[in-house]
file final_27.cif (mmCIF, C-alpha atoms)
data_final
loop_
_atom_site.label_atom_id
_atom_site.label_comp_id
_atom_site.auth_asym_id
_atom_site.auth_seq_id
_atom_site.Cartn_x
_atom_site.Cartn_y
_atom_site.Cartn_z
CA MET I 1 66.69 -9.86 33.93
CA PRO I 2 66.88 -6.09 34.29
CA MET I 3 63.83 -4.25 32.99
CA PRO I 4 64.60 -2.18 29.91
CA GLN I 5 64.53 1.51 30.42
CA LYS I 6 62.23 3.64 28.33
CA LYS I 7 64.09 5.29 25.51
CA PRO I 8 64.01 9.08 25.96
CA LEU I 9 62.61 11.19 23.16
CA PRO I 10 65.12 13.19 21.14
CA GLU I 11 64.89 16.89 21.78
CA GLY I 12 63.77 17.55 18.21
CA LEU I 13 60.90 15.09 18.52
CA MET I 14 59.89 16.54 21.89
CA ALA I 15 59.84 19.99 20.35
CA GLN I 16 57.65 18.79 17.51
CA LEU I 17 55.27 17.01 19.89
CA HIS I 18 54.80 20.21 21.89
CA GLY I 19 55.24 22.62 19.05
CA LYS I 20 53.05 23.72 16.18
CA GLY I 21 53.21 20.57 14.07
CA SER I 22 50.04 19.17 12.47
CA MET I 23 48.00 16.54 14.31
CA SER I 24 48.81 13.87 11.70
CA GLU I 25 52.55 14.52 12.15
CA VAL I 26 52.25 14.35 15.94
CA LEU I 27 50.44 11.00 15.65
CA ARG I 28 53.06 9.70 13.23
CA ILE I 29 55.92 10.68 15.53
CA GLU I 30 54.25 9.13 18.57
CA ARG I 31 53.54 5.90 16.69
CA GLN I 32 57.16 5.73 15.49
CA ARG I 33 58.45 6.21 19.05
CA LEU I 34 56.20 3.41 20.39
CA MET I 35 57.23 1.01 17.64
CA GLU I 36 60.94 1.71 18.20
CA GLN I 37 60.50 1.25 21.92
CA ALA I 38 58.79 -2.13 21.33
CA ALA I 39 61.64 -3.19 19.04
CA GLU I 40 64.22 -2.19 21.66
CA GLU I 41 62.41 -4.19 24.38
CA MET I 42 62.29 -7.24 22.11
CA ARG I 43 66.03 -6.92 21.40
CA VAL I 44 66.80 -6.83 25.14
CA GLN I 45 64.62 -9.90 25.78
CA LEU I 46 66.44 -11.81 23.05
CA GLY I 47 69.81 -11.12 24.69
CA GLY I 48 71.05 -8.28 22.59
CA ALA I 49 70.56 -9.93 19.16
CA PRO I 50 69.68 -7.43 16.43
CA VAL I 51 66.02 -7.30 15.58
CA ALA I 52 65.71 -6.02 12.05
CA ALA I 53 62.15 -6.98 11.20
CA PRO I 54 60.36 -5.01 13.96
CA ARG I 55 62.54 -2.00 13.09
CA ALA I 56 61.51 -2.26 9.45
CA VAL I 57 57.89 -2.66 10.45
CA ALA I 58 58.17 0.36 12.71
CA VAL I 59 59.61 2.52 9.94
CA ALA I 60 57.01 1.33 7.41
CA ALA I 61 54.16 1.92 9.85
CA ALA I 62 55.49 5.38 10.71
CA GLU I 63 55.69 6.35 7.05
CA ALA I 64 52.27 4.93 6.12
CA PRO I 65 49.67 7.69 5.57
CA LEU I 66 46.80 7.88 8.02
CA PRO I 67 43.47 6.69 6.54
CA ILE I 68 41.03 9.46 5.76
CA ASP I 69 37.27 8.92 6.07
CA THR I 70 35.87 10.24 2.81
CA TYR I 71 32.27 9.02 3.23
CA GLN I 72 29.60 11.68 3.13
CA PRO I 73 25.86 10.93 3.09
CA SER I 74 24.12 11.83 -0.15
CA LYS I 75 22.32 15.15 -0.09
CA LEU I 76 20.36 14.41 -3.25
CA PRO I 77 16.57 14.13 -2.78
CA MET I 78 14.95 10.70 -3.09
CA PRO I 79 13.52 10.19 -6.59
CA ALA I 80 9.80 10.97 -6.78
CA ALA I 81 9.01 7.60 -8.34
CA ARG I 82 10.64 5.80 -5.40
CA ARG I 83 8.83 7.96 -2.83
CA SER I 84 5.48 7.35 -4.48
CA GLN I 85 5.89 3.56 -4.34
CA GLU I 86 7.01 3.16 -0.74
CA GLY I 87 4.37 1.50 1.40
CA LEU I 88 1.96 1.04 -1.53
CA SER I 89 0.71 -2.14 -3.18
CA LYS I 90 1.28 -2.78 -6.86
CA LEU I 91 -2.44 -2.27 -7.47
CA SER I 92 -2.58 1.12 -5.74
CA ARG I 93 -4.09 3.98 -7.72
CA PHE I 94 -4.34 7.71 -7.01
CA VAL I 95 -7.20 10.16 -7.12
CA GLY I 96 -7.65 11.60 -10.61
CA GLU I 97 -6.33 8.56 -12.46
CA ASP I 98 -8.30 6.98 -15.30
CA LEU I 99 -10.36 4.09 -13.90
CA SER I 100 -12.37 3.38 -17.03
CA GLU I 101 -11.30 -0.28 -17.05
CA PHE I 102 -13.73 -0.86 -14.18
CA ASP I 103 -16.88 -0.91 -16.31
CA GLY I 104 -20.16 0.10 -14.67
CA ILE I 105 -18.58 0.84 -11.28
CA ILE I 106 -20.98 1.91 -8.53
CA THR I 107 -19.96 4.18 -5.65
CA HIS I 108 -21.59 3.16 -2.38
CA SER I 109 -22.87 5.44 0.35
CA GLU I 110 -24.60 4.79 3.67
CA GLN I 111 -27.94 4.71 1.87
CA THR I 112 -26.93 2.16 -0.77
CA VAL I 113 -25.20 -0.07 1.78
CA LEU I 114 -28.34 -0.21 3.93
CA ALA I 115 -30.53 -0.81 0.89
CA VAL I 116 -28.33 -3.41 -0.77
CA PRO I 117 -30.52 -5.99 -2.53
CA GLU I 118 -30.22 -9.73 -2.27
CA TRP I 119 -29.29 -11.64 -5.39
CA PRO I 120 -29.95 -15.20 -6.52
CA THR I 121 -26.67 -16.81 -5.56
CA ASP I 122 -24.87 -18.47 -8.44
CA PRO I 123 -23.98 -22.14 -7.77
CA TYR I 124 -20.33 -21.23 -8.28
CA TYR I 125 -20.39 -18.94 -5.26
CA VAL I 126 -22.16 -21.56 -3.19
CA ASP I 127 -19.13 -23.79 -3.75
CA VAL I 128 -16.73 -20.90 -3.07
CA ASN I 129 -18.47 -20.07 0.22
CA ASN I 130 -18.29 -23.70 1.31
CA SER I 131 -14.55 -23.70 0.63
CA LEU I 132 -13.87 -20.76 2.98
CA PRO I 133 -13.03 -21.96 6.50
CA PHE I 134 -14.19 -18.90 8.48
CA SER I 135 -17.73 -17.60 8.72
CA SER I 136 -16.60 -13.96 8.82
CA GLN I 137 -14.77 -14.47 5.53
CA ARG I 138 -17.87 -16.06 4.01
CA ASP I 139 -19.90 -13.07 5.22
CA LEU I 140 -17.42 -10.70 3.58
CA LEU I 141 -17.56 -12.44 0.20
CA GLY I 142 -21.37 -12.56 0.36
CA SER I 143 -21.46 -8.84 1.10
CA ILE I 144 -19.15 -8.09 -1.82
CA CYS I 145 -21.40 -10.14 -4.11
CA ARG I 146 -24.45 -8.16 -3.00
CA LEU I 147 -22.61 -4.82 -3.28
CA THR I 148 -21.62 -5.63 -6.86
CA VAL I 149 -23.74 -8.25 -8.59
CA GLY I 150 -26.77 -7.24 -6.52
CA TRP I 151 -26.55 -3.79 -8.14
CA GLY I 152 -25.95 -5.14 -11.65
CA THR I 153 -22.18 -4.66 -11.82
CA PHE I 154 -18.93 -6.46 -11.02
CA SER I 155 -17.14 -3.44 -9.52
CA CYS I 156 -17.90 -1.06 -6.70
CA ARG I 157 -16.17 1.69 -4.79
CA ILE I 158 -16.58 1.64 -1.03
CA THR I 159 -14.75 2.77 2.10
CA LEU I 160 -13.52 0.24 4.65
CA GLY I 161 -15.92 1.77 7.17
CA LEU I 162 -18.95 1.09 4.98
CA LEU I 163 -17.65 -2.35 4.07
CA SER I 164 -17.36 -3.09 7.78
CA VAL I 165 -21.03 -2.15 8.23
CA ALA I 166 -22.11 -4.25 5.25
CA SER I 167 -20.16 -7.36 6.28
CA GLY I 168 -20.52 -7.08 10.06
CA ILE I 169 -16.73 -7.35 10.53
CA ARG I 170 -15.88 -4.68 13.10
CA ASN I 171 -12.15 -5.35 13.41
CA PRO I 172 -10.27 -3.41 10.67
CA LYS I 173 -7.30 -5.80 10.81
CA THR I 174 -9.56 -8.81 10.23
CA LEU I 175 -11.31 -7.01 7.38
CA ARG I 176 -8.02 -6.24 5.63
CA LYS I 177 -6.78 -9.78 6.25
CA TRP I 178 -9.82 -11.37 4.61
CA LEU I 179 -9.69 -8.91 1.70
CA ALA I 180 -6.06 -9.85 1.09
CA ASP I 181 -6.88 -13.56 1.32
CA LEU I 182 -9.80 -13.30 -1.12
CA GLN I 183 -7.53 -11.45 -3.51
CA ARG I 184 -4.78 -14.04 -3.12
CA LYS I 185 -7.34 -16.72 -4.03
CA ARG I 186 -8.35 -14.60 -7.05
CA HIS I 187 -11.96 -14.16 -5.99
CA ILE I 188 -11.65 -10.36 -6.01
CA HIS I 189 -9.39 -7.47 -6.98
CA TYR I 190 -8.91 -4.95 -4.19
CA VAL I 191 -7.55 -1.66 -5.55
CA PRO I 192 -6.77 1.14 -3.04
CA VAL I 193 -7.37 4.62 -4.47
CA HIS I 194 -5.21 6.99 -2.41
CA GLY I 195 -6.52 10.48 -1.79
CA ASP I 196 -10.10 9.62 -2.77
CA LEU I 197 -12.67 9.89 0.01
CA ARG I 198 -15.05 7.63 -1.91
CA GLY I 199 -12.92 4.66 -0.93
CA SER I 200 -11.21 1.80 -2.68
CA ILE I 201 -12.36 -0.32 -5.61
CA ILE I 202 -13.45 -3.92 -5.15
CA GLU I 203 -13.97 -5.97 -8.29
CA LEU I 204 -15.60 -9.39 -8.21
CA THR I 205 -13.62 -11.73 -10.47
CA PRO I 206 -15.58 -14.89 -11.27
CA PRO I 207 -14.45 -17.24 -14.05
CA GLU I 208 -15.49 -16.19 -17.53
CA GLU I 209 -18.29 -18.76 -17.82
CA VAL I 210 -19.74 -17.69 -14.46
CA ARG I 211 -19.48 -14.04 -15.45
CA ASN I 212 -21.36 -14.74 -18.68
CA SER I 213 -24.05 -16.63 -16.77
CA ILE I 214 -24.57 -13.73 -14.35
CA GLU I 215 -24.74 -11.23 -17.21
CA ARG I 216 -27.42 -13.37 -18.94
CA SER I 217 -29.48 -13.36 -15.76
CA TRP I 218 -29.25 -9.55 -15.65
CA ARG I 219 -30.54 -9.29 -19.20
CA THR I 220 -33.38 -11.70 -18.40
CA ASN I 221 -34.42 -9.66 -15.37
CA ARG I 222 -34.39 -6.44 -17.38
CA MET I 223 -36.65 -8.02 -20.00
CA LYS I 224 -39.16 -8.95 -17.28
CA PHE I 225 -39.51 -5.34 -16.31
#
call {"tool": "encode", "arguments": {"input": "final_27.cif", "output": "structure tokens"}}
result
Amino acid sequence: MPMPQKKPLPEGLMAQLHGKGSMSEVLRIERQRLMEQAAEEMRVQLGGAPVAAPRAVAVAAAEAPLPIDTYQPSKLPMPAARRSQEGLSKLSRFVGEDLSEFDGIITHSEQTVLAVPEWPTDPYYVDVNNSLPFSSQRDLLGSICRLTVGWGTFSCRITLGLLSVASGIRNPKTLRKWLADLQRKRHIHYVPVHGDLRGSIIELTPPEEVRNSIERSWRTNRMKF
């Protein structure tokens, strides 16, 4: 079977391809020529039978407008509320906010951490300590109890560096892991205070009856003195 010869471009089309026509028009003309050439080759292969469908497809494709990419990235600034929440926990607070709900909070320093008193451990916390599988986690909870209840309060503010000294946990990742686990088990509330050099807030959260028992022991000790 003789190979079909390429159909030459009409002079008008050649002039437009090499003239001053727009790029979209040049692409349309070239696409129309290729589709007509494909239709002609198919007609030859079929033995000269007319091929109407490819011709119609070629004309429709040639007349179809080229797609235009209209997407443009937004130039609007990210809302301040969204920026302030990225990377922060739901309990996060900021310097200058009202923290009056943490009654009797004590702010720890190097001196208070080194002088932290022991406290008569409540039987509830004996059971809690026995339920914790890792000794370093038990040490952390015991330190938090001394840093709060030992000073006559349920809340304290302390940096992670000082908490590391108090608990003996040197690895910051381990310290954060155990804090998160104690909070998940509802033994404490850990509240980061961003922008405050005094550190984050740790609140001991015993059950109400245990809390009342500890408060009674505080009042009894005050009466002795």
call {"tool": "atom_distance", "arguments": {"input": "final_27.cif", "atom1": "CA of Ser136 in chain I", "atom2": "CA of Arg170 in chain I"}}
result
10.2 Å
call {"tool": "closest_residue", "arguments": {"input": "final_27.cif", "among": "I:Leu197, I:Ala180, I:Val191, I:Leu27", "to": "Thr159 in chain I", "atoms": "only C-alpha atoms"}}
result
I:Leu197
call {"tool": "atom_distance", "arguments": {"input": "final_27.cif", "atom1": "CA of Arg138 in chain I", "atom2": "CA of Val126 in chain I"}}
result
10.0 Å
call {"tool": "residues_around", "arguments": {"input": "final_27.cif", "residues": "Trp218 in chain I", "least_positions_apart": "5", "cutoff": "10 Å", "atoms": "only C-alpha atoms", "output": "VMD selection string"}}
result
chain I and resid 149 to 153 212 to 213 223
call {"tool": "write_last_selection", "arguments": {"input": "final_27.cif", "atoms": "C-alpha atoms", "output": "PDB file, in the coordinates of the input"}}
result
ATOM      1  CA  VAL I 149     -23.740  -8.250  -8.590  1.00  0.00           C
ATOM      2  CA  GLY I 150     -26.770  -7.240  -6.520  1.00  0.00           C
ATOM      3  CA  TRP I 151     -26.550  -3.790  -8.140  1.00  0.00           C
ATOM      4  CA  GLY I 152     -25.950  -5.140 -11.650  1.00  0.00           C
ATOM      5  CA  THR I 153     -22.180  -4.660 -11.820  1.00  0.00           C
ATOM      6  CA  ASN I 212     -21.360 -14.740 -18.680  1.00  0.00           C
ATOM      7  CA  SER I 213     -24.050 -16.630 -16.770  1.00  0.00           C
ATOM      8  CA  MET I 223     -36.650  -8.020 -20.000  1.00  0.00           C
TER       9      MET I 223
END
call {"tool": "atom_distance", "arguments": {"input": "final_27.cif", "atom1": "CA of Glu203 in chain I", "atom2": "CA of Cys145 in chain I"}}
result
9.5 Å
call {"tool": "residues_near_point", "arguments": {"input": "final_27.cif", "point": "(-10.2, 6.2, -1.2)", "cutoff": "12 Å", "atoms": "all atoms listed in the file", "output": "ChimeraX atom specification"}}
result
/I:92-96,107-108,156-162,190-202
call {"tool": "residues_around", "arguments": {"input": "final_27.cif", "residues": "Lys185 in chain I", "least_positions_apart": "3", "cutoff": "12 Å", "atoms": "only C-alpha atoms", "output": "PyMOL selection string"}}
result
chain I and resi 128+131-132+141+178-182+188-190+204-206
